[in-house]
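Student: Got my_file16.txt for you, compact mmCIF, C-alpha atoms:
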# COMPACT_ATOMS: atom_id res chain seq x y z
CA MET A 120 -31.02 77.22 -28.85
CA CYS A 121 -34.41 78.17 -30.24
CA VAL A 122 -36.15 75.75 -32.57
CA TRP A 123 -38.94 76.59 -34.99
CA TRP A 124 -41.41 74.21 -36.64
CA TYR A 125 -43.74 76.24 -38.79
CA LYS A 126 -45.23 76.66 -42.23
CA ALA A 127 -42.84 77.64 -44.96
CA GLY A 128 -43.00 81.31 -45.82
CA MET A 129 -44.04 82.56 -42.37
CA ASP A 130 -42.16 85.50 -40.87
CA VAL A 131 -40.01 84.05 -38.10
CA SER A 132 -37.85 87.10 -37.52
CA GLY A 133 -37.45 88.48 -34.04
CA GLY A 134 -38.23 91.98 -32.90
CA ASN A 135 -40.87 93.85 -30.99
CA HIS A 136 -44.05 93.77 -33.06
CA ARG A 137 -46.33 95.25 -30.41
CA HIS A 138 -46.48 98.74 -31.94
CA GLU A 139 -47.79 97.28 -35.20
CA ALA A 140 -49.98 94.55 -33.74
CA PRO A 141 -52.85 93.84 -36.15
CA TRP A 142 -55.42 93.62 -33.33
CA LYS A 143 -55.21 97.41 -32.92
CA ARG A 144 -56.84 97.82 -36.33
CA MET A 145 -59.68 95.39 -35.56
CA SER A 146 -63.24 96.24 -34.59
CA LYS A 147 -64.65 94.92 -31.32
CA GLU A 148 -66.65 92.37 -33.33
CA GLU A 149 -63.55 91.08 -35.08
CA LEU A 150 -61.60 90.94 -31.81
CA ASP A 151 -64.44 88.96 -30.25
CA ASN A 152 -64.21 86.58 -33.19
CA GLN A 153 -60.43 86.24 -32.97
CA TYR A 154 -60.52 85.56 -29.23
CA SER A 155 -63.43 83.08 -29.34
CA PRO A 156 -61.65 79.74 -29.95
CA SER A 157 -64.85 77.73 -30.42
CA ARG A 158 -65.64 79.77 -33.56
CA TRP A 159 -62.53 78.38 -35.27
CA VAL A 160 -63.10 74.64 -34.87
CA VAL A 161 -63.34 72.84 -38.22
CA ARG A 162 -64.82 69.40 -37.49
CA LEU A 163 -67.61 70.33 -35.07
CA GLY A 164 -69.91 73.27 -34.48
CA ALA A 165 -68.92 75.66 -31.70
CA GLU A 166 -71.46 74.32 -29.19
CA GLU A 167 -70.76 70.70 -30.08
CA ALA A 168 -67.01 71.28 -29.72
CA MET A 169 -67.49 72.67 -26.22
CA ARG A 170 -69.83 69.81 -25.28
CA THR A 171 -67.35 67.22 -26.57
CA TYR A 172 -64.47 68.92 -24.75
CA SER A 173 -66.40 68.85 -21.45
CA GLN A 174 -67.54 65.27 -21.98
CA ILE A 175 -64.01 64.00 -22.65
CA GLY A 176 -62.68 65.93 -19.63
CA ASN A 177 -65.33 64.39 -17.39
CA GLU A 178 -64.73 60.84 -18.65
CA VAL A 179 -60.93 60.87 -18.46
CA THR A 180 -60.98 62.41 -14.98
CA LYS A 181 -63.35 59.72 -13.73
CA ARG A 182 -61.08 57.04 -15.19
CA ALA A 183 -57.97 58.59 -13.65
CA ARG A 184 -59.62 58.76 -10.23
CA ALA A 185 -60.89 55.18 -10.52
CA THR A 186 -57.32 53.83 -10.38
CA GLY A 187 -57.19 54.62 -6.67
CA ARG A 188 -53.76 56.24 -6.98
CA SER A 189 -54.94 59.82 -6.50
CA LEU A 190 -54.85 62.32 -3.65
CA LEU A 191 -57.84 64.61 -4.24
CA ASN A 192 -58.59 68.13 -3.02
CA VAL A 193 -55.25 68.55 -1.28
CA PRO A 194 -55.04 72.12 0.10
CA TYR A 195 -52.02 74.09 -1.10
CA GLY A 196 -53.20 77.32 0.57
CA ASP A 197 -55.76 78.56 3.06
CA GLY A 198 -58.46 79.60 0.57
CA ASP A 199 -61.48 77.43 -0.24
CA GLY A 200 -60.49 77.27 -3.91
CA GLU A 201 -56.82 76.52 -3.25
CA LYS A 202 -56.86 72.78 -3.82
CA LEU A 203 -55.03 70.38 -6.12
CA ASP A 204 -55.28 66.76 -7.18
CA ILE A 205 -52.20 64.53 -7.30
CA TYR A 206 -52.24 61.45 -9.55
CA LEU A 207 -49.45 59.02 -8.75
CA PRO A 208 -47.82 56.35 -10.91
CA GLU A 209 -47.89 52.73 -9.82
CA ALA A 210 -44.28 52.84 -8.71
CA VAL A 211 -44.08 55.83 -6.37
CA SER A 212 -40.57 57.08 -5.62
CA GLU A 213 -39.00 60.14 -4.04
CA ALA A 214 -37.43 61.04 -7.38
CA MET A 215 -40.58 61.10 -9.53
CA PRO A 216 -40.90 63.80 -12.17
CA PHE A 217 -44.05 65.95 -11.81
CA LEU A 218 -46.22 67.52 -14.46
CA VAL A 219 -48.30 70.35 -12.98
CA PHE A 220 -51.31 71.34 -15.11
CA PHE A 221 -53.35 74.57 -15.13
CA HIS A 222 -56.70 74.44 -16.90
CA GLY A 223 -58.07 77.02 -19.32
CA GLY A 224 -61.46 78.70 -19.57
CA TYR A 225 -60.57 82.39 -20.02
CA TRP A 226 -59.83 82.66 -16.28
CA GLN A 227 -63.64 82.45 -15.78
CA SER A 228 -64.57 78.77 -16.21
CA GLY A 229 -63.01 75.32 -16.19
CA SER A 230 -62.13 73.09 -13.27
CA LYS A 231 -59.46 70.69 -12.06
CA ASP A 232 -62.30 68.16 -11.71
CA THR A 233 -62.62 67.83 -15.50
CA SER A 234 -59.01 68.34 -16.58
CA ALA A 235 -57.13 65.03 -16.13
CA PHE A 236 -56.61 64.58 -19.89
CA MET A 237 -52.95 63.55 -19.71
CA VAL A 238 -53.04 61.65 -16.41
CA ASN A 239 -53.27 58.00 -17.50
CA PRO A 240 -50.65 58.16 -20.31
CA LEU A 241 -48.17 59.99 -18.05
CA THR A 242 -48.65 58.00 -14.84
CA ALA A 243 -48.15 54.83 -16.94
CA GLN A 244 -44.67 56.23 -17.72
CA GLY A 245 -43.82 56.94 -14.07
CA VAL A 246 -44.75 60.64 -14.05
CA ALA A 247 -46.85 62.11 -11.23
CA VAL A 248 -49.47 64.58 -12.45
CA VAL A 249 -50.83 67.50 -10.42
CA ILE A 250 -54.00 69.29 -11.55
CA VAL A 251 -54.39 72.69 -9.89
CA ALA A 252 -57.57 74.61 -9.02
CA TYR A 253 -57.50 78.40 -8.71
CA ASP A 254 -60.16 81.01 -7.99
CA ILE A 255 -61.61 81.96 -11.36
CA ALA A 256 -63.26 85.34 -11.97
CA PRO A 257 -65.29 87.04 -10.72
CA LYS A 258 -64.28 85.58 -7.34
CA GLY A 259 -60.58 85.69 -8.18
CA THR A 260 -58.57 88.48 -9.79
CA LEU A 261 -55.74 87.77 -12.21
CA ASP A 262 -53.23 88.85 -9.57
CA GLN A 263 -54.74 86.33 -7.15
CA MET A 264 -54.69 83.56 -9.77
CA VAL A 265 -51.00 84.17 -10.48
CA ASP A 266 -50.29 84.11 -6.75
CA GLN A 267 -52.24 80.86 -6.32
CA VAL A 268 -50.38 79.16 -9.17
CA THR A 269 -47.12 80.28 -7.54
CA GLN A 270 -48.27 78.81 -4.21
CA SER A 271 -49.23 75.51 -5.82
CA ILE A 272 -45.77 75.04 -7.33
CA MET A 273 -44.09 75.90 -4.02
CA PHE A 274 -46.35 73.33 -2.35
CA VAL A 275 -45.34 70.56 -4.75
CA GLN A 276 -41.64 71.37 -4.25
CA LYS A 277 -41.99 71.34 -0.46
CA GLN A 278 -43.99 68.11 -0.41
CA TYR A 279 -41.68 66.30 -2.83
CA PRO A 280 -38.23 67.94 -2.40
CA GLY A 281 -36.48 64.98 -4.06
CA ASN A 282 -38.45 65.31 -7.29
CA GLN A 283 -36.71 64.62 -10.58
CA GLY A 284 -38.08 67.82 -12.05
CA ILE A 285 -41.28 69.88 -12.14
CA TYR A 286 -42.75 70.51 -15.57
CA LEU A 287 -45.50 73.12 -15.95
CA CYS A 288 -48.25 72.66 -18.51
CA GLY A 289 -51.14 75.01 -19.22
CA HIS A 290 -53.84 75.26 -21.86
CA SER A 291 -55.22 78.60 -23.12
CA ALA A 292 -55.66 80.79 -19.98
CA GLY A 293 -53.74 78.09 -18.12
CA ALA A 294 -50.81 78.55 -20.51
CA HIS A 295 -50.82 82.24 -19.58
CA LEU A 296 -50.68 81.37 -15.88
CA ALA A 297 -47.86 78.88 -16.46
CA ALA A 298 -45.94 81.46 -18.51
CA MET A 299 -46.24 83.98 -15.67
CA MET A 300 -44.07 81.61 -13.63
CA LEU A 301 -41.14 82.57 -15.86
CA LEU A 302 -41.30 85.93 -14.07
CA ALA A 303 -41.59 84.59 -10.50
CA ASP A 304 -39.02 85.73 -7.95
CA TRP A 305 -38.62 82.45 -6.13
CA THR A 306 -35.98 83.80 -3.74
CA LYS A 307 -38.68 86.11 -2.35
CA HIS A 308 -40.81 83.06 -1.58
CA GLY A 309 -38.00 81.11 0.07
CA VAL A 310 -38.50 78.05 -2.15
CA THR A 311 -36.82 77.47 -5.48
CA PRO A 312 -38.79 74.81 -7.37
CA ASN A 313 -36.91 72.34 -9.54
CA LEU A 314 -38.48 73.65 -12.76
CA LYS A 315 -37.26 71.72 -15.80
CA GLY A 316 -39.75 72.59 -18.53
CA PHE A 317 -42.84 74.47 -19.68
CA PHE A 318 -45.48 73.18 -22.12
CA LEU A 319 -47.61 76.14 -23.22
CA LEU A 320 -50.65 75.07 -25.27
CA SER A 321 -52.57 77.68 -27.31
CA GLY A 322 -51.97 80.44 -24.80
CA VAL A 323 -52.59 84.18 -24.50
CA TYR A 324 -49.44 86.07 -23.47
CA ASP A 325 -50.41 89.71 -24.08
CA LEU A 326 -53.66 90.56 -22.30
CA GLU A 327 -54.15 94.05 -23.73
CA PRO A 328 -56.30 92.84 -26.68
CA ILE A 329 -58.56 90.98 -24.21
CA MET A 330 -59.49 94.36 -22.68
CA HIS A 331 -61.32 95.18 -25.91
CA THR A 332 -63.38 91.98 -26.09
CA SER A 333 -66.59 90.87 -24.43
CA GLU A 334 -64.50 88.42 -22.33
CA ASN A 335 -62.97 91.31 -20.38
CA ALA A 336 -65.75 92.48 -18.04
CA PRO A 337 -64.64 90.68 -14.83
CA LEU A 338 -60.92 90.59 -15.58
CA LEU A 339 -58.97 93.74 -16.42
CA PRO A 340 -60.18 97.06 -15.02
CA ALA A 341 -57.16 99.02 -16.30
CA LEU A 342 -54.27 98.83 -18.75
CA GLU A 343 -51.82 98.46 -15.85
CA ASP A 344 -53.60 95.25 -14.82
CA ALA A 345 -53.19 93.86 -18.33
CA GLN A 346 -49.52 94.82 -18.54
CA ARG A 347 -48.65 93.53 -15.06
CA ASN A 348 -50.20 90.18 -15.94
CA SER A 349 -48.83 89.88 -19.49
CA PRO A 350 -45.71 87.70 -19.68
CA LEU A 351 -45.01 88.95 -23.21
CA TRP A 352 -45.11 92.61 -22.13
CA GLN A 353 -43.09 91.92 -18.98
CA LEU A 354 -40.36 89.97 -20.80
CA GLU A 355 -40.07 92.68 -23.45
CA THR A 356 -39.92 95.64 -21.07
CA ALA A 357 -37.98 94.13 -18.15
CA PRO A 358 -36.33 90.94 -19.42
CA THR A 359 -35.96 88.16 -16.87
CA GLN A 360 -32.88 85.98 -17.22
CA PRO A 361 -33.42 82.21 -17.13
CA ALA A 362 -32.59 80.92 -13.66
CA ASP A 363 -31.75 77.57 -15.25
CA PRO A 364 -30.52 77.92 -18.85
CA ALA A 365 -31.32 74.21 -19.40
CA CYS A 366 -35.03 74.71 -18.61
CA ARG A 367 -36.94 74.07 -21.85
CA ILE A 368 -40.06 75.85 -23.06
CA LEU A 369 -42.31 74.48 -25.78
CA VAL A 370 -44.81 76.99 -27.20
CA THR A 371 -47.52 75.30 -29.26
CA VAL A 372 -50.56 76.44 -31.18
CA GLY A 373 -53.13 74.48 -33.16
CA GLN A 374 -53.18 74.83 -36.94
CA HIS A 375 -56.87 75.75 -36.65
CA ASP A 376 -56.43 78.28 -33.86
CA SER A 377 -57.30 81.86 -34.86
CA PRO A 378 -54.70 84.20 -36.42
CA GLU A 379 -54.51 86.14 -33.16
CA PHE A 380 -53.68 83.00 -31.16
CA HIS A 381 -51.01 82.23 -33.77
CA ARG A 382 -49.57 85.75 -33.53
CA GLN A 383 -49.52 85.68 -29.73
CA SER A 384 -47.72 82.32 -29.65
CA ARG A 385 -45.23 83.31 -32.34
CA GLU A 386 -44.33 86.62 -30.69
CA PHE A 387 -44.00 85.05 -27.26
CA TYR A 388 -41.66 82.43 -28.69
CA GLN A 389 -39.57 85.13 -30.39
CA THR A 390 -39.38 87.14 -27.16
CA LEU A 391 -38.20 84.06 -25.26
CA CYS A 392 -35.48 83.47 -27.83
CA GLN A 393 -34.27 87.06 -27.59
CA GLY A 394 -34.15 86.72 -23.80
CA GLY A 395 -31.89 83.67 -23.92
CA TRP A 396 -34.49 81.06 -22.99
CA LYS A 397 -34.25 77.56 -24.44
CA ALA A 398 -37.48 77.72 -26.44
CA SER A 399 -39.14 75.71 -29.20
CA PHE A 400 -42.24 76.47 -31.23
CA GLU A 401 -44.58 74.02 -32.87
CA GLU A 402 -47.79 74.41 -34.83
CA LEU A 403 -49.75 71.21 -34.32
CA HIS A 404 -51.00 70.00 -37.68
CA ASP A 405 -54.77 69.78 -38.19
CA MET A 406 -55.53 70.53 -34.51
CA ASP A 407 -57.96 73.11 -33.18
CA HIS A 408 -57.86 74.89 -29.82
CA PHE A 409 -59.59 72.07 -27.95
CA GLU A 410 -58.21 69.02 -29.77
CA ILE A 411 -54.69 70.16 -28.88
CA LEU A 412 -55.55 69.29 -25.27
CA TRP A 413 -58.02 66.43 -25.47
CA ASN A 414 -55.65 64.41 -27.68
CA LEU A 415 -53.30 64.20 -24.69
CA THR A 416 -55.42 61.20 -23.72
CA GLN A 417 -53.61 59.31 -26.53
CA GLU A 418 -50.14 57.87 -25.91
CA ASP A 419 -49.10 58.13 -29.57
CA TYR A 420 -50.14 61.83 -29.93
CA VAL A 421 -47.16 64.00 -30.88
CA LEU A 422 -47.61 66.27 -27.84
CA THR A 423 -47.93 63.32 -25.43
CA GLN A 424 -44.66 62.03 -26.86
CA SER A 425 -43.10 65.46 -26.23
CA LEU A 426 -44.21 65.26 -22.59
CA PHE A 427 -42.61 61.81 -22.29
CA GLN A 428 -39.32 63.15 -23.59
Would you encode the structure as structure tokens?
Tutor:
Amino acid sequence: MCVWWYKAGMDVSGGNHRHEAPWKRMSKEELDNQYSPSRWVVRLGAEEAMRTYSQIGNEVTKRARATGRSLLNVPYGDGDGEKLDIYLPEAVSEAMPFLVFFHGGYWQSGSKDTSAFMVNPLTAQGVAVVIVAYDIAPKGTLDQMVDQVTQSIMFVQKQYPGNQGIYLCGHSAGAHLAAMMLLADWTKHGVTPNLKGFFLLSGVYDLEPIMHTSENAPLLPALEDAQRNSPLWQLETAPTQPADPACRILVTVGQHDSPEFHRQSREFYQTLCQGGWKASFEELHDMDHFEILWNLTQEDYVLTQSLFQ
């Protein structure tokens, strides 16, 4: 069943809206504006919002590492950038649930070393948290990043085969990478991870508009690259059936995210519903693109509660 929490009066109908996507009528300047999340924050200036976001990420990661229950820079592949951090709860068991997190930063910035926002609230509830590094551009291509994320999930499953479930969580570009895992052919990799849920926070699911912004330079040389790495496009053109119909997907967007981020999230949710996935959509009240993540440091935050459930 698909569940929708949204403002009254919004169009929640299904259907392929790509041919009439409003971004195609936008100038490059307007697209740059729509796809620059820091320009849409309401409580802070753009630079202050980014500074605060980095500061909180640094502080919470230091606190999480200070508990002494972390395994840092664990290699999940052979590459220098293929490392992950594992934060363990006090009571470690073979049957722990795992939340695996992929950071944002437009595939060009961000780090696992400043991304432990949700670690302390979740480990206090018995959940192990894994924060994954991947090779950002220009060193890494999008194809490589998707492959690295795939490898990291296989690694967690192999290391903890008795896990109670693996839940993927990504923010912004990280939500895109997590969503690409809906398309993974796990039989080809010889490991089928015990995926139980996806938490997609303010993501980008159709990369074609990004080609026409100033963010694109190191990312998408051709339309085929954008389409191959767009979960929305892939699910619309070659639908993938849910391997586990019980696997839940929560697509969220901040109230103060840009209209394009809203449209992307809404259309991805609709596409999931049409494909038979067990999806929910939620607009997080009075949250901007960065607050949606940094509030995961709070146990009583609505999204933290969703992770607990």
Student: Which of these, A:Gly373, A:Gly259, A:Pro378, A:Gly223, has the shortest distance to A:Glu402 once you count all atoms listed in the file?
Tutor: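 Comparing A:Gly373, A:Gly259, A:Pro378, A:Gly223 against A:Glu402, the winner is A:Gly373.
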Student: Assuming 6 Å of padding per side, give the centre and edge lengths of the axis-aligned box around every listed atom of stretch 197-212 of chain A, in Å to one decimal and as lines of an AutoDock Vina configuration file.
Tutor:
center_x = -51.0
center_y = 66.2
center_z = -3.9
size_x = 32.9
size_y = 38.9
size_z = 26.0
Student: Please determine, counting all atoms listed in the file, which residue among A:Thr260, A:Thr311, A:Thr371, A:Thr171 has the shortest atom-to-atom distance to A:Leu339.
Tutor: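 Answer, going by the shortest atom-to-atom distance: A:Thr260.
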Student: Pick out the residues sitting within 10 Å of A:Phe409, and hand them over as JSON, numbers by chain; count all atoms listed in the file, and ignore anything fewer than 6 positions along from it in its own chain.
Tutor: {"A": [156, 157, 160, 168, 169, 171, 172, 173, 290, 291, 320, 321, 373, 375, 376]}
Student: Atom CA of A:Arg385 to atom CA of A:Ser425: how many Å, to one decimal?
Tutor: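 Calculated distance between atom CA of A:Arg385 and atom CA of A:Ser425 is 19.0 Å.
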Student: Which of these, A:Glu209, A:Asp199, A:Asp344, A:Asp204, has the shortest distance to A:Thr186 once you count only C-alpha atoms?
Tutor: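 Under the stated criterion, the closest residue is A:Glu209.
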Student: Find the residue from A:Thr332, A:Thr269, A:Gln283, A:Thr306 that sits nearest to A:Tyr195; use all atoms listed in the file when measuring.
Tutor: A:Thr269
